[in-house]
Every structure is written in C-alpha cells, then in structure tokens.
file protein09.tsv (TSV, C-alpha atoms and all ligand atoms)
chain	number	residue	atom	x	y	z
A	1	MET	CA	-36.22	-52.95	17.71
A	2	GLY	CA	-33.21	-53.63	15.43
A	3	PRO	CA	-30.22	-51.30	15.25
A	4	VAL	CA	-30.87	-47.66	14.38
A	5	LEU	CA	-28.62	-45.20	12.60
A	6	ILE	CA	-28.73	-41.66	14.02
A	7	ILE	CA	-27.59	-38.95	11.62
A	8	GLY	CA	-26.58	-35.65	13.27
A	9	ASN	CA	-25.97	-37.52	16.54
A	10	ARG	CA	-23.90	-34.70	18.08
A	11	GLY	CA	-26.63	-32.06	17.70
A	12	MET	CA	-29.14	-31.11	20.41
A	13	LEU	CA	-31.77	-33.66	19.42
A	14	GLY	CA	-29.18	-36.17	18.17
A	15	GLN	CA	-27.64	-36.45	21.67
A	16	ALA	CA	-31.07	-36.99	23.22
A	17	MET	CA	-31.82	-39.71	20.64
A	18	CYS	CA	-28.55	-41.53	21.42
A	19	ASN	CA	-29.29	-41.38	25.18
A	20	GLU	CA	-32.84	-42.64	24.66
A	21	ALA	CA	-31.70	-45.48	22.37
A	22	SER	CA	-29.14	-46.56	24.99
A	23	ALA	CA	-31.76	-46.36	27.78
A	24	ARG	CA	-34.00	-48.67	25.73
A	25	ALA	CA	-31.11	-51.06	24.97
A	26	VAL	CA	-31.53	-50.34	21.25
A	27	SER	CA	-28.19	-50.62	19.50
A	28	TRP	CA	-27.33	-47.50	17.52
A	29	GLY	CA	-24.65	-46.01	15.33
A	30	GLY	CA	-24.08	-42.27	14.89
A	31	LEU	CA	-22.97	-40.17	11.92
A	32	ASP	CA	-22.21	-36.44	11.96
A	33	LEU	CA	-19.90	-33.78	10.57
A	34	PRO	CA	-16.96	-33.65	10.06
A	35	GLU	CA	-16.55	-37.40	9.36
A	36	PHE	CA	-19.87	-37.74	7.57
A	37	ASP	CA	-21.52	-35.17	5.30
A	38	LEU	CA	-25.19	-35.75	4.54
A	39	THR	CA	-24.89	-33.76	1.32
A	40	ASP	CA	-22.34	-36.28	-0.07
A	41	GLU	CA	-24.38	-38.87	-1.99
A	42	GLN	CA	-21.59	-41.45	-2.12
A	43	ALA	CA	-21.04	-41.17	1.64
A	44	VAL	CA	-24.78	-41.61	2.21
A	45	CYS	CA	-24.90	-44.73	0.01
A	46	ARG	CA	-21.83	-46.19	1.75
A	47	ALA	CA	-23.23	-45.54	5.24
A	48	ILE	CA	-26.78	-46.70	4.62
A	49	GLU	CA	-26.58	-50.30	3.62
A	50	PRO	CA	-29.07	-53.16	3.35
A	51	GLY	CA	-29.66	-54.60	6.83
A	52	CYS	CA	-30.20	-51.19	8.38
A	53	GLU	CA	-33.86	-51.00	9.51
A	54	VAL	CA	-34.39	-47.47	10.85
A	55	VAL	CA	-32.53	-44.27	9.95
A	56	ILE	CA	-33.19	-41.28	12.22
A	57	ASN	CA	-32.21	-37.96	10.64
A	58	CYS	CA	-31.48	-35.31	13.28
A	59	ALA	CA	-29.08	-33.40	10.98
A	60	ALA	CA	-30.23	-30.07	9.63
A	61	TYR	CA	-29.24	-26.49	8.94
A	62	THR	CA	-30.95	-24.93	11.99
A	63	ASP	CA	-29.71	-21.31	12.06
A	64	VAL	CA	-32.95	-19.45	11.22
A	65	ASP	CA	-31.34	-16.05	10.54
A	66	GLY	CA	-28.34	-17.68	8.83
A	67	ALA	CA	-30.73	-19.40	6.41
A	68	GLY	CA	-31.94	-15.96	5.31
A	69	SER	CA	-28.49	-14.94	4.12
A	70	ASN	CA	-27.45	-18.43	2.95
A	71	GLU	CA	-30.60	-20.10	1.69
A	72	ALA	CA	-28.71	-22.19	-0.88
A	73	GLN	CA	-26.70	-23.95	1.85
A	74	ALA	CA	-29.78	-24.38	4.04
A	75	GLU	CA	-31.68	-25.83	1.09
A	76	LEU	CA	-28.84	-28.21	0.24
A	77	ILE	CA	-28.97	-29.76	3.73
A	78	ASN	CA	-32.66	-29.39	4.68
A	79	ALA	CA	-34.17	-30.25	1.31
A	80	THR	CA	-31.82	-31.71	-1.35
A	81	ALA	CA	-29.84	-33.94	1.05
A	82	ALA	CA	-32.98	-34.98	2.96
A	83	GLY	CA	-34.60	-36.01	-0.34
A	84	MET	CA	-31.51	-37.93	-1.41
A	85	LEU	CA	-31.38	-39.68	1.98
A	86	ALA	CA	-35.05	-40.61	1.61
A	87	ARG	CA	-34.43	-42.21	-1.81
A	88	ARG	CA	-31.51	-44.23	-0.41
A	89	VAL	CA	-33.51	-45.37	2.63
A	90	ARG	CA	-36.35	-46.43	0.33
A	91	GLU	CA	-33.91	-48.31	-1.92
A	92	ILE	CA	-32.74	-50.50	0.97
A	93	GLY	CA	-36.29	-50.96	2.34
A	94	ALA	CA	-35.72	-49.23	5.69
A	95	LYS	CA	-37.79	-46.64	7.58
A	96	LEU	CA	-36.80	-42.96	7.78
A	97	VAL	CA	-37.51	-40.76	10.79
A	98	HIS	CA	-37.13	-37.08	9.91
A	99	TYR	CA	-37.83	-33.85	11.82
A	100	SER	CA	-39.43	-30.66	10.60
A	101	THR	CA	-40.64	-27.45	12.15
A	102	ASP	CA	-43.53	-25.16	13.06
A	103	TYR	CA	-41.85	-22.63	10.70
A	104	VAL	CA	-43.45	-24.42	7.71
A	105	PHE	CA	-46.63	-22.52	8.74
A	106	ASP	CA	-47.25	-18.78	8.41
A	107	GLY	CA	-48.34	-18.10	12.00
A	108	THR	CA	-51.65	-16.44	11.13
A	109	ALA	CA	-53.83	-19.21	12.66
A	110	ARG	CA	-55.40	-18.80	16.10
A	111	THR	CA	-56.01	-22.48	16.77
A	112	PRO	CA	-53.38	-25.27	16.70
A	113	TYR	CA	-52.10	-26.24	13.24
A	114	PRO	CA	-53.23	-29.77	12.28
A	115	THR	CA	-50.70	-32.04	10.57
A	116	ASP	CA	-52.45	-31.66	7.19
A	117	HIS	CA	-52.63	-27.86	7.23
A	118	PRO	CA	-51.14	-26.39	4.02
A	119	ARG	CA	-47.49	-25.42	4.31
A	120	GLN	CA	-46.95	-21.67	3.93
A	121	PRO	CA	-43.55	-20.70	5.34
A	122	LEU	CA	-42.74	-17.07	6.12
A	123	GLY	CA	-38.97	-17.20	5.69
A	124	ALA	CA	-35.98	-19.03	4.22
A	125	TYR	CA	-35.51	-21.65	6.98
A	126	GLY	CA	-39.18	-22.65	6.83
A	127	ARG	CA	-39.06	-22.77	3.00
A	128	THR	CA	-36.11	-25.17	3.04
A	129	LYS	CA	-37.71	-27.41	5.69
A	130	ALA	CA	-41.05	-27.40	3.80
A	131	LYS	CA	-39.23	-28.42	0.61
A	132	GLY	CA	-37.54	-31.22	2.56
A	133	GLU	CA	-40.98	-32.47	3.68
A	134	GLN	CA	-42.20	-32.45	0.06
A	135	LEU	CA	-39.15	-34.36	-1.19
A	136	LEU	CA	-39.65	-36.99	1.51
A	137	GLU	CA	-43.29	-37.40	0.50
A	138	GLN	CA	-42.36	-37.66	-3.20
A	139	SER	CA	-39.65	-40.26	-2.52
A	140	GLY	CA	-42.23	-42.84	-1.45
A	141	VAL	CA	-40.07	-43.79	1.55
A	142	ASP	CA	-41.65	-45.43	4.59
A	143	MET	CA	-41.39	-42.36	6.80
A	144	LEU	CA	-42.17	-40.97	10.21
A	145	LEU	CA	-42.06	-37.19	9.78
A	146	ILE	CA	-42.25	-35.36	13.11
A	147	ARG	CA	-42.72	-31.58	13.22
A	148	THR	CA	-41.51	-29.98	16.42
A	149	SER	CA	-41.04	-26.47	17.84
A	150	TRP	CA	-38.99	-24.42	20.33
A	151	LEU	CA	-36.58	-27.29	21.04
A	152	TYR	CA	-34.46	-27.13	24.21
A	153	ALA	CA	-32.13	-29.29	26.28
A	154	ALA	CA	-29.51	-28.92	29.00
A	155	TRP	CA	-26.93	-29.00	26.16
A	156	GLY	CA	-26.62	-27.31	22.77
A	157	LYS	CA	-27.62	-23.83	21.65
A	158	ASN	CA	-31.16	-23.08	22.78
A	159	PHE	CA	-33.45	-20.54	24.47
A	160	VAL	CA	-33.39	-22.18	27.91
A	161	ARG	CA	-29.60	-22.04	28.19
A	162	THR	CA	-29.49	-18.51	26.76
A	163	ILE	CA	-32.07	-17.20	29.25
A	164	ALA	CA	-30.41	-19.03	32.18
A	165	LYS	CA	-27.10	-17.38	31.31
A	166	LEU	CA	-28.50	-13.88	30.68
A	167	ALA	CA	-30.65	-13.97	33.82
A	168	SER	CA	-27.66	-14.96	35.95
A	169	GLU	CA	-25.65	-12.00	34.60
A	170	ARG	CA	-28.29	-9.21	34.46
A	171	ASP	CA	-30.81	-7.52	36.76
A	172	SER	CA	-33.53	-7.54	34.10
A	173	ILE	CA	-34.21	-8.96	30.65
A	174	ARG	CA	-36.92	-8.21	28.08
A	175	VAL	CA	-38.56	-11.07	26.20
A	176	VAL	CA	-41.18	-11.02	23.42
A	177	ASN	CA	-44.71	-11.67	24.56
A	178	ASP	CA	-46.53	-11.66	21.19
A	179	GLN	CA	-45.28	-14.99	19.77
A	180	ARG	CA	-47.12	-18.04	21.05
A	181	GLY	CA	-46.02	-21.66	20.59
A	182	ARG	CA	-45.11	-24.94	22.24
A	183	PRO	CA	-41.72	-25.57	23.84
A	184	THR	CA	-40.25	-29.06	23.32
A	185	SER	CA	-37.77	-30.89	25.51
A	186	ALA	CA	-35.36	-32.84	23.30
A	187	ILE	CA	-35.51	-35.68	25.86
A	188	HIS	CA	-39.30	-35.80	25.49
A	189	LEU	CA	-39.07	-35.67	21.68
A	190	ALA	CA	-36.60	-38.57	21.65
A	191	ARG	CA	-38.89	-40.57	23.92
A	192	LEU	CA	-42.01	-39.93	21.85
A	193	THR	CA	-40.12	-40.80	18.66
A	194	PHE	CA	-39.36	-44.29	20.00
A	195	GLU	CA	-42.94	-44.65	21.26
A	196	LEU	CA	-44.35	-43.74	17.82
A	197	LEU	CA	-41.88	-46.13	16.17
A	198	GLY	CA	-42.92	-48.86	18.60
A	199	ARG	CA	-46.57	-48.41	17.52
A	200	GLY	CA	-45.58	-48.63	13.85
A	201	ALA	CA	-46.62	-45.01	13.21
A	202	GLY	CA	-46.04	-43.65	9.71
A	203	GLY	CA	-46.72	-40.33	7.95
A	204	CYS	CA	-46.73	-36.92	9.60
A	205	TYR	CA	-47.03	-36.33	13.36
A	206	HIS	CA	-46.49	-33.33	15.62
A	207	GLY	CA	-44.21	-33.81	18.64
A	208	THR	CA	-43.93	-31.11	21.29
A	209	ASP	CA	-44.50	-30.61	25.01
A	210	GLY	CA	-48.13	-30.08	26.08
A	211	GLY	CA	-49.68	-26.69	26.85
A	212	GLU	CA	-48.65	-23.45	25.16
A	213	CYS	CA	-47.02	-20.15	26.07
A	214	THR	CA	-45.25	-17.04	24.80
A	215	TRP	CA	-41.46	-16.67	24.88
A	216	TYR	CA	-41.96	-14.23	27.80
A	217	GLU	CA	-43.93	-16.83	29.78
A	218	PHE	CA	-41.30	-19.46	28.91
A	219	ALA	CA	-38.47	-17.18	30.11
A	220	SER	CA	-40.36	-16.25	33.31
A	221	GLU	CA	-40.76	-19.94	34.20
A	222	ILE	CA	-37.03	-20.58	33.60
A	223	VAL	CA	-35.97	-17.68	35.82
A	224	THR	CA	-38.45	-18.57	38.59
A	225	HIS	CA	-37.51	-22.28	38.59
A	226	LEU	CA	-33.80	-21.45	38.77
A	227	GLY	CA	-34.48	-19.00	41.63
A	228	LEU	CA	-32.65	-16.17	39.86
A	229	GLY	CA	-33.27	-12.61	41.05
A	230	CYS	CA	-33.60	-11.19	37.54
A	231	SER	CA	-36.77	-9.40	36.50
A	232	VAL	CA	-38.34	-10.54	33.21
A	233	GLU	CA	-40.21	-7.82	31.28
A	234	PRO	CA	-42.59	-8.47	28.36
A	235	CYS	CA	-41.99	-6.67	25.05
A	236	LEU	CA	-43.15	-6.79	21.42
A	237	THR	CA	-41.50	-8.52	18.45
A	238	ALA	CA	-41.44	-5.12	16.69
A	239	GLU	CA	-39.10	-3.84	19.42
A	240	PHE	CA	-36.53	-6.57	18.57
A	241	PRO	CA	-36.37	-6.79	14.77
A	242	ARG	CA	-34.57	-9.93	13.53
A	243	PRO	CA	-33.23	-10.61	10.02
A	244	GLU	CA	-35.83	-13.36	9.43
A	245	PRO	CA	-39.54	-13.27	10.33
A	246	ARG	CA	-40.92	-15.49	13.11
A	247	PRO	CA	-44.51	-16.84	13.12
A	248	ALA	CA	-46.73	-15.04	15.68
A	249	TYR	CA	-48.60	-18.25	16.43
A	250	SER	CA	-47.09	-21.68	15.88
A	251	VAL	CA	-48.91	-24.04	18.22
A	252	LEU	CA	-48.86	-27.52	16.63
A	253	ASP	CA	-51.95	-29.69	17.04
A	254	LEU	CA	-50.99	-32.83	18.95
A	255	SER	CA	-54.21	-34.85	18.60
A	256	ARG	CA	-52.83	-37.43	16.12
A	257	THR	CA	-49.81	-38.08	18.33
A	258	GLU	CA	-51.84	-38.18	21.55
A	259	GLU	CA	-54.33	-40.64	20.01
A	260	CYS	CA	-51.40	-42.94	19.29
A	261	ILE	CA	-49.24	-42.67	22.43
A	262	GLY	CA	-51.27	-40.74	25.04
A	263	PRO	CA	-51.12	-37.18	26.41
A	264	MET	CA	-47.98	-35.07	26.12
A	265	PRO	CA	-46.64	-33.83	29.50
A	266	HIS	CA	-47.16	-30.08	30.12
A	267	TRP	CA	-44.16	-27.96	29.11
A	268	THR	CA	-43.57	-26.80	32.71
A	269	GLU	CA	-43.10	-30.47	33.76
A	270	ASN	CA	-40.61	-31.23	30.98
A	271	LEU	CA	-38.83	-27.92	31.57
A	272	ALA	CA	-38.38	-28.70	35.28
A	273	VAL	CA	-36.50	-31.92	34.41
A	274	VAL	CA	-34.15	-30.07	32.04
A	275	LEU	CA	-33.59	-27.18	34.47
A	276	ASP	CA	-32.67	-29.62	37.24
A	277	ASP	CA	-30.06	-31.14	34.87
A	278	LEU	CA	-28.86	-27.67	33.97
A	279	LYS	CA	-28.45	-26.74	37.66
A	280	VAL	CA	-26.23	-29.81	38.11
A	281	SER	CA	-24.11	-28.93	35.07
A	282	ILE	CA	-23.78	-25.26	36.19
A	283	ALA	CA	-22.89	-26.23	39.81
A	301	LIG	N1	-33.81	-26.20	17.42
A	301	LIG	C1	-35.12	-25.94	17.33
A	301	LIG	O1	-35.70	-25.08	18.04
A	301	LIG	C2	-35.96	-26.69	16.33
A	301	LIG	C3	-37.31	-26.32	16.17
A	301	LIG	C4	-38.09	-27.02	15.24
A	301	LIG	C5	-37.54	-28.06	14.52
A	301	LIG	N2	-36.22	-28.39	14.68
A	301	LIG	C6	-35.70	-29.50	13.88
A	301	LIG	O2	-35.26	-30.52	14.77
A	301	LIG	C7	-34.15	-31.22	14.19
A	301	LIG	C8	-32.99	-31.25	15.19
A	301	LIG	O3	-32.60	-29.90	15.46
A	301	LIG	P1	-31.42	-29.56	16.50
A	301	LIG	O4	-31.77	-28.24	17.10
A	301	LIG	O5	-31.11	-30.73	17.34
A	301	LIG	O6	-30.22	-29.30	15.48
A	301	LIG	P2	-28.68	-28.98	15.82
A	301	LIG	O7	-28.45	-28.95	17.29
A	301	LIG	O8	-28.31	-27.79	14.99
A	301	LIG	O9	-27.94	-30.29	15.27
A	301	LIG	C9	-27.87	-30.58	13.91
A	301	LIG	C10	-26.73	-31.54	13.73
A	301	LIG	O10	-26.64	-31.81	12.33
A	301	LIG	C11	-25.27	-31.68	11.94
A	301	LIG	N3	-25.18	-31.38	10.52
A	301	LIG	C12	-25.41	-30.19	9.90
A	301	LIG	N4	-25.15	-30.30	8.58
A	301	LIG	C13	-24.77	-31.59	8.37
A	301	LIG	C14	-24.34	-32.32	7.23
A	301	LIG	N5	-24.25	-31.74	6.01
A	301	LIG	N6	-24.00	-33.63	7.36
A	301	LIG	C15	-24.06	-34.22	8.59
A	301	LIG	N7	-24.44	-33.59	9.71
A	301	LIG	C16	-24.79	-32.28	9.59
A	301	LIG	C17	-24.75	-30.55	12.81
A	301	LIG	O11	-23.34	-30.52	12.80
A	301	LIG	P3	-22.59	-29.09	13.04
A	301	LIG	O12	-23.02	-28.63	14.40
A	301	LIG	O13	-21.14	-29.46	12.94
A	301	LIG	O14	-23.08	-28.18	11.94
A	301	LIG	C18	-25.37	-30.95	14.15
A	301	LIG	O15	-24.60	-31.93	14.81
A	301	LIG	C19	-33.84	-30.49	12.88
A	301	LIG	O16	-34.47	-31.16	11.81
A	301	LIG	C20	-34.47	-29.12	13.06
A	301	LIG	O17	-34.82	-28.52	11.83
A	301	LIG	C21	-35.42	-27.74	15.58

call {"tool": "encode", "arguments": {"input": "protein09.tsv", "output": "structure tokens"}}
result
Amino acid sequence: MGPVLIIGNRGMLGQAMCNEASARAVSWGGLDLPEFDLTDEQAVCRAIEPGCEVVINCAAYTDVDGAGSNEAQAELINATAAGMLARRVREIGAKLVHYSTDYVFDGTARTPYPTDHPRQPLGAYGRTKAKGEQLLEQSGVDMLLIRTSWLYAAWGKNFVRTIAKLASERDSIRVVNDQRGRPTSAIHLARLTFELLGRGAGGCYHGTDGGECTWYEFASEIVTHLGLGCSVEPCLTAEFPRPEPRPAYSVLDLSRTEECIGPMPHWTENLAVVLDDLKVSIA
C-alpha cells in the first residue's frame, strides 16, 4: 500500500492507526490540531495533494454531551468539514476512510443494525455524524465508511480507563445494565481497517469487537480481569440521567465485514489485550 495520511492522528483511534501502519511498514503522515484544522478549507487543500492515495479521517467532535450544548461546532467538524474533505479527496482521485457511530441509529431495534438500516439519530452527536455520512455519500468520493461503537484503548478518554480508575479508588461502583452494544478495541479497529483496505472494500461497513454486552457486563469484565476488589452493581439508565440520550440497543451487524475479512474476535479477547497493556502502563 502507498503512503497514507492520518487525520486526527493524536486521538484514541488515530494513535492506533499510526501504530498499525508502522507495524505493516506502510508509510504514513499525521495531521491534527493545533497545527492542522480540518475545518480550514485552504489547509485541507494544501495538505491533501495529488499523489496521496489514501486519507484516513480519525478526527471528529466526539464529546456526546458537549455536542448537545454545542451542536454547531460538532456539525462543523463531523459534517461540514467531513464533506469538504470528501470533495477534496475525490478531486485528487484518492480514497477516503471515515468513521461513524452506532449513535446514527435510534436504539429501538432488538436485532443487530445492518449497514443499510435507515439513520435515525436520537441526539445531537448522532445527528452530526449522520449528516457527515450523507455528505460523504453525496460527494461521490471513493470511500470506506466504517461505523464503530464503544471505542476503547489503553490511552485516551474511554470507558475502560474510567472504570479501571474508579474501581481502584472505590469499594463499589454502579453501572447501567439496560444499554446493550458492542465494545471496540481501537487496535482491532485499526487492524480491520487495513484488512478491508487490502481487500479493496468500499462503501459502508461495521467494525466492532465480536459478541455483545451491557455497560455493566463490560465493567464487570474489566474489574475481574484487573483483579480489583471493587463490587460492580447493575443499575438503570433512568437512575443516571445524562444531558444527551443514549440508544438502549446499538449492536451493529457485522456480517458484511465478516464476509470480507473473517470473524471478529470476541470483545473479552480484545479487552484482555488492552487491559494487559493498561496494567503495564499503570505499574
Ligand atoms: N470514542 C467512541 O466511543 C466512538 C464510538 C463510535 C464512533 N467513534 C468515532 O470514531 C472516530 C475516532 O474517535 P476517537 O474516540 O478516536 O476520537 P478522539 O480520541 O476524540 O480523537 C479525535 C481527534 O481529532 C482531533 N480533532 C478534533 N477536531 C479537529 C479539527 N477541527 N481538525 C483536526 N483535528 C481535529 C482531536 O484533537 P483534540 O483532542 O485537540 O480536539 C483528536 O486528536 C470518530 O469519527 C468518532 O466519531 C468513536
């Protein structure tokens, strides 16, 4: 594979993409704030020049509750800038990899959401990401759009690190047990992105760990694996109201991805790898 340009390379997924590119001996360049602003059209045109073959966009406005109080800013990054990037990538004849979210769905389903299920976001973050998807489609760019969910890594701001910290400080924690989804290791997502690219995949795919769970089950596995003596208690979403709604069910159907690159490892397997890294960084 020729050189790839990774936008948002210092974010949680961005770091995993850089590591994966290096491990595959793919040469890569990274762009992120503050030196590079995806919402600046001139900067985008300067950075993305003919000769570049694959642009991987890991940059986004990812604060779900923040998007509720600042939807204009979230829309600027997740939709307007993504659409502008797509037009530029099309202009130079390259391929665009872009990430979206389970939050584009309303969470009322009881079976996994297929890639072509109608978008019906519940809140501001999902609306901005859904609009970004639409603008990519309308741009006509050669794209690989990957929806993911419940992303975690041994770095960055995420549920796994939050639970590991809380459980090491407290005797007990309460975690919601009425939202069901699929955790996703950023390392796994980076790997599957390169595998899909290697197979020439285009269009919309879902990329998560295998299996499914509630946040309570996810937290229990984290605490058990780390050997922490903290008790994890299940509770209801209604007991922990948040500014923005969360889908009750957001399991993404993986069949299209698995047909292309094989089965996704179970989330407990991917989690174990990340928790072992986390133990090393805590020690
Ligand atoms: N995290 C999840 O649970 C989750 C779930 C589903 C889907 N996703 C999607 O997965 C992708 C990666 O998410 P992530 O959690 O890795 O995100 P992240 O850790 O928040 O990283 C995003 C990166 O983008 C940068 N960025 C933000 N605005 C920018 C701009 N205007 N110009 C250039 N760079 C900018 C951020 O810089 P600053 O830190 O300086 O702002 C950060 O380095 C996103 O598309 C997200 O929507 C994430």

call {"tool": "atom_distance", "arguments": {"input": "protein09.tsv", "atom1": "atom CA of Phe218 of chain A", "atom2": "atom CA of Leu145 of chain A"}}
result
26.1 Å

call {"tool": "residues_near_ligand", "arguments": {"input": "protein09.tsv", "ligand": "ligand LIG 301 (chain A)", "cutoff": "8 Å", "atoms": "only C-alpha atoms and all ligand atoms", "output": "PyMOL selection string"}}
result
chain A and resi 7-15+31-34+36-40+57-63+77-78+81+98-103+129+147-152+156-158+186

call {"tool": "write_last_selection", "arguments": {"input": "protein09.tsv", "atoms": "C-alpha atoms", "output": "short mmCIF file (atom, residue, chain, number, x, y, z; two decimals), keeping the file's coordinate frame"}}
result
data_model
loop_
_atom_site.label_atom_id
_atom_site.label_comp_id
_atom_site.auth_asym_id
_atom_site.auth_seq_id
_atom_site.Cartn_x
_atom_site.Cartn_y
_atom_site.Cartn_z
CA ILE A 7 -27.59 -38.95 11.62
CA GLY A 8 -26.58 -35.65 13.27
CA ASN A 9 -25.97 -37.52 16.54
CA ARG A 10 -23.90 -34.70 18.08
CA GLY A 11 -26.63 -32.06 17.70
CA MET A 12 -29.14 -31.11 20.41
CA LEU A 13 -31.77 -33.66 19.42
CA GLY A 14 -29.18 -36.17 18.17
CA GLN A 15 -27.64 -36.45 21.67
CA LEU A 31 -22.97 -40.17 11.92
CA ASP A 32 -22.21 -36.44 11.96
CA LEU A 33 -19.90 -33.78 10.57
CA PRO A 34 -16.96 -33.65 10.06
CA PHE A 36 -19.87 -37.74 7.57
CA ASP A 37 -21.52 -35.17 5.30
CA LEU A 38 -25.19 -35.75 4.54
CA THR A 39 -24.89 -33.76 1.32
CA ASP A 40 -22.34 -36.28 -0.07
CA ASN A 57 -32.21 -37.96 10.64
CA CYS A 58 -31.48 -35.31 13.28
CA ALA A 59 -29.08 -33.40 10.98
CA ALA A 60 -30.23 -30.07 9.63
CA TYR A 61 -29.24 -26.49 8.94
CA THR A 62 -30.95 -24.93 11.99
CA ASP A 63 -29.71 -21.31 12.06
CA ILE A 77 -28.97 -29.76 3.73
CA ASN A 78 -32.66 -29.39 4.68
CA ALA A 81 -29.84 -33.94 1.05
CA HIS A 98 -37.13 -37.08 9.91
CA TYR A 99 -37.83 -33.85 11.82
CA SER A 100 -39.43 -30.66 10.60
CA THR A 101 -40.64 -27.45 12.15
CA ASP A 102 -43.53 -25.16 13.06
CA TYR A 103 -41.85 -22.63 10.70
CA LYS A 129 -37.71 -27.41 5.69
CA ARG A 147 -42.72 -31.58 13.22
CA THR A 148 -41.51 -29.98 16.42
CA SER A 149 -41.04 -26.47 17.84
CA TRP A 150 -38.99 -24.42 20.33
CA LEU A 151 -36.58 -27.29 21.04
CA TYR A 152 -34.46 -27.13 24.21
CA GLY A 156 -26.62 -27.31 22.77
CA LYS A 157 -27.62 -23.83 21.65
CA ASN A 158 -31.16 -23.08 22.78
CA ALA A 186 -35.36 -32.84 23.30
#

call {"tool": "residues_around", "arguments": {"input": "protein09.tsv", "residues": "Arg180 of chain A", "least_positions_apart": "4", "cutoff": "9 Å", "atoms": "only C-alpha atoms", "output": "PyMOL selection string"}}
result
chain A and resi 212-215+247-251

call {"tool": "residues_near_point", "arguments": {"input": "protein09.tsv", "point": "(-28.7, -51.5, 17.1)", "cutoff": "8 Å", "atoms": "only C-alpha atoms", "output": "list in words"}}
result
Met1, Gly2, Pro3, Val4, Leu5, Val26, Ser27, Trp28 and Gly29 of chain A

call {"tool": "closest_residue", "arguments": {"input": "protein09.tsv", "among": "A:Ala154, A:Ala238, A:Ala190, A:Ala79", "to": "Asp178 of chain A", "atoms": "all atoms listed in the file"}}
result
A:Ala238

call {"tool": "atom_distance", "arguments": {"input": "protein09.tsv", "atom1": "atom CA of Arg256 of chain A", "atom2": "atom CA of Glu195 of chain A"}}
result
13.3 Å

call {"tool": "atom_distance", "arguments": {"input": "protein09.tsv", "atom1": "atom CA of Gly126 of chain A", "atom2": "atom CA of Glu233 of chain A"}}
result
28.6 Å

call {"tool": "closest_residue", "arguments": {"input": "protein09.tsv", "among": "A:Glu133, A:Glu244, A:Asp116, A:Glu41", "to": "Val97 of chain A", "atoms": "only C-alpha atoms"}}
result
A:Glu133
